[in-house]
Each structure stands twice: as C-alpha cells, then as structure tokens.
Amino acid sequence: LSTVNIASASAVVLDVVELVGNLAVIADNAISQRLNTLVSVDGFVNLTAEDIVLTQLAATGVVTVAAIDDVSLTSTIDLLLNGSVGGDLLVSAEGSAISSTALSTSGSSIYAADSLSLMGLSAAGDIQLAIADGATLVNDQATAVKGNATTLSVTANTGTVTDSSDLVVQGSASFAASGVGGGIVLNNTGNAFGTVSLVSTTGAVLLVEADDTMIGNLAANSVNITSGNIHAVGCE
C-alpha cells in the first residue's frame with residue numbers, strides 16, 4: 001500500500017502494516033499494535049491519540065506523536081521522533097539511533113539506544129538514559145538526568161542541570177546551564193565520569209563523584225567538588 005489515513009472515534013489497534021508511503025492515525029482513545037506484528041512505513045508517521053503504544057515500528061521518515069498521556073515506542077531501525085507527549089515517554093531502538101529536532105514531554109522519559117541526539121527538546125520531567133555510545137541533549141528548561149552513556153553532553157538553556165539518580169559516563173561528560181538560576185548540581189554518590197566539563201554562566205557548580213575527577217573545562221560563579229582526587233586535563 002501507499003499512503004494510509006485512519007481516523008477513529010475509539011481505539012485503533014494496528015495489525016501488520018507495510019507501506020511505501022505515509023501513515024496517519026487519529027484516535028480518540030489509544031493507538032496500539034497487535035502482538036508479534038510489524039508496522040513498516042517507508043514515509044512519515046503521524047500518530048494522534050490519548051495513549052500510544054507501538055512495540056515493533058520501522059519508519060524511515062519522521063515519526064510525529066501528539067499524545068494526551070503516555071507514549072511507548074520500540075523501533076527496529078533508526079528513529080527520528082518529534083511531537084508532544086502529555087505524560088511519560090518510553091523509547092527504545094536497541095542497536096540503532098534515536099534523534100529529534102522538536103520534542104516536548106511533560107512527564108518522565110526513558111531512552112534506550114546505541115546513540116541519542118535530542119536537539120530541540122522541551123522536557124519537564126526526569127530523563128533516564130541507557131545509551132551504548134554517545135548522547136546529546138539540548139533542553140529549553142531545567143534538566144534532570146540519570147542513567148548511563150559512553151559520552152554525554154547536556155545543555156539546559158534555562159535553569160539548572162541536575163542528576164535525579166546515579167549518572168555513569170565512561171568517556172567525556174559535558175554539562176552546561178544558562179539563563180536565570182542556571183546552576184549544575186550533580187550530587188549522587190554513584191556518579192562516575194571519564195572527564196567532566198562544567199559550564200554555568202549564571203550559577204554554582206556542585207559535583208560528587210564516586211572515584212577520581214578529571215576536569216576538562218570549568219566555568220562557574222562557585223565550585224564545590226567532592227571525589228577521590230581532582231585532576232585537570234593537560235596538567236599532569
């Protein structure tokens with residue numbers, strides 16, 4: 001099939017879908033998927049509903065969601081996700097990449113993938129990461145993050161950057177906060193970074209690390225670091 005448009009006054013349950021065009025689904029209730037089926041779309045996907053749950057999705061174009069409550073997506077290929085989520089968001093693309101240019105979430109969000117790039121993010125809730133390689137987050141508000149990645153870059157264009165639980169980054173970790181009250185508070189005792197850069201143009205920096213701390217770049221009004229030993233890159 002080519003392009004398919006579905007509008008329902010109740011719930012929509014997708015079966016096997018194979019499209020060379022685009023898919024648009026509007027449901028007054030939920031959008032879901034039958035067990036052990038694949039939704040494969042060579043174009044874009046637009047989903048509008050109260051809740052959205054797709055367990056096997058393969059979309060080559062951008063996936064745009066508009067959900068009143070929660071969204072759960074499992075992609076078998078690289079996923080470009082945009083849109084708005086009124087509740088919680090769970091996105092998995094194991095072995096692939098997740099990216100976004102315009103994504104808004106009101107609740108908590110969980111991302112699991114090889115790599116993650118969220119460049120136009122507006123996330124109000126906690127962000128949990130399970131990223132095998134690199135993760136980049138650019139959020140337009142205060143940012144609370146936890147989980148693990150090989151490398152990590154977090155920017156809060158307004159407000160603070162905080163850790164809502166332990167944060168483990170094997171390689172370089174970079175945190176930047178700006179705007180009114182833009183501080184960086186990473187105070188969980190299980191935190192561990194390879195090298196860490198901390199830039200807060202309008203606030204203070206508080207860092208706790210389980211082992212030694214290797215500082216890359218540091219700029220803040222005040223700094224408080226608790227760790228085994230503190231080293232500066234290029235100074236040893």
# chains A, B, ... in the order shown; residues from 1 in each chain; ligands from 1
$ select_by_dssp --residues "range 56-235 of chain A" --states "strand (DSSP E or B)" --output "JSON, numbers by chain"
{"A": [56, 57, 58, 59, 63, 64, 65, 66, 67, 71, 72, 73, 74, 75, 79, 80, 81, 82, 83, 84, 85, 89, 90, 91, 92, 93, 94, 95, 96, 97, 98, 99, 100, 103, 104, 105, 109, 110, 111, 112, 113, 114, 115, 116, 117, 118, 119, 120, 121, 122, 123, 127, 128, 129, 130, 131, 134, 135, 136, 137, 138, 139, 143, 144, 145, 146, 147, 148, 149, 151, 152, 153, 154, 155, 156, 161, 162, 163, 164, 165, 166, 167, 168, 169, 170, 171, 172, 173, 174, 175, 176, 177, 184, 185, 186, 192, 193, 194, 195, 196, 197, 198, 199, 200, 204, 205, 206, 207, 208, 213, 214, 215, 216, 217, 218, 219, 222, 223, 224, 225, 226, 230, 231, 232]}
$ closest_atom_pairs --of "range 150-181 of chain A" --to "range 211-233 of chain A" --cutoff "9 Å" --atoms "only C-alpha atoms" --output "Markdown table"
| residue | atom | partner | partner_atom | distance |
| --- | --- | --- | --- | --- |
| A:Ser172 | CA | A:Gly216 | CA | 8.5 |
| A:Ala173 | CA | A:Gly216 | CA | 9.0 |
| A:Ser174 | CA | A:Asn217 | CA | 8.5 |
$ write_last_selection --atoms "C-alpha atoms" --output "PDB file, in the first residue's frame"
ATOM      1  CA  SER A 172      33.688  12.597  28.310  1.00  0.00           C
ATOM      2  CA  ALA A 173      30.732  14.234  30.026  1.00  0.00           C
ATOM      3  CA  SER A 174      29.825  17.865  29.373  1.00  0.00           C
TER       4      SER A 174
END
$ closest_residue --among "A:Leu167, A:Ala132, A:Ala66, A:Val180" --to "Leu207 in chain A" --atoms "only C-alpha atoms"
A:Leu167
$ residues_around --residues "Thr48 in chain A" --least-positions-apart "2" --cutoff "8 Å" --atoms "only C-alpha atoms" --output "VMD selection string"
chain A and resid 25 to 27 46 50 65 to 67
$ write_last_selection --atoms "C-alpha atoms" --output "mmCIF file, in the first residue's frame"
data_model
loop_
_atom_site.group_PDB
_atom_site.id
_atom_site.type_symbol
_atom_site.label_atom_id
_atom_site.label_comp_id
_atom_site.auth_asym_id
_atom_site.auth_seq_id
_atom_site.Cartn_x
_atom_site.Cartn_y
_atom_site.Cartn_z
ATOM 1 C CA VAL A 25 -3.659 7.679 12.575
ATOM 2 C CA ILE A 26 -6.015 9.751 14.735
ATOM 3 C CA ALA A 27 -7.833 8.009 17.602
ATOM 4 C CA ASN A 46 1.739 10.835 12.308
ATOM 5 C CA GLU A 50 -4.701 9.679 24.226
ATOM 6 C CA VAL A 65 3.301 11.975 18.019
ATOM 7 C CA ALA A 66 0.603 14.050 19.696
ATOM 8 C CA ALA A 67 -0.409 12.229 22.881
#
$ atom_distance --atom1 "CA of Leu89 in chain A" --atom2 "CA of Val196 in chain A"
27.8 Å
$ residues_around --residues "Phe44 in chain A" --least-positions-apart "6" --cutoff "9 Å" --atoms "only C-alpha atoms" --output "list in words"
Gly21, Asn22, Leu23, Ala24, Ala59, Thr60, Gly61, Val62, Val63 and Thr64 of chain A
$ residues_around --residues "Ala124 in chain A" --least-positions-apart "3" --cutoff "7 Å" --atoms "only C-alpha atoms" --output "list of chain:residue names"
A:Thr105, A:Ser106, A:Gly107
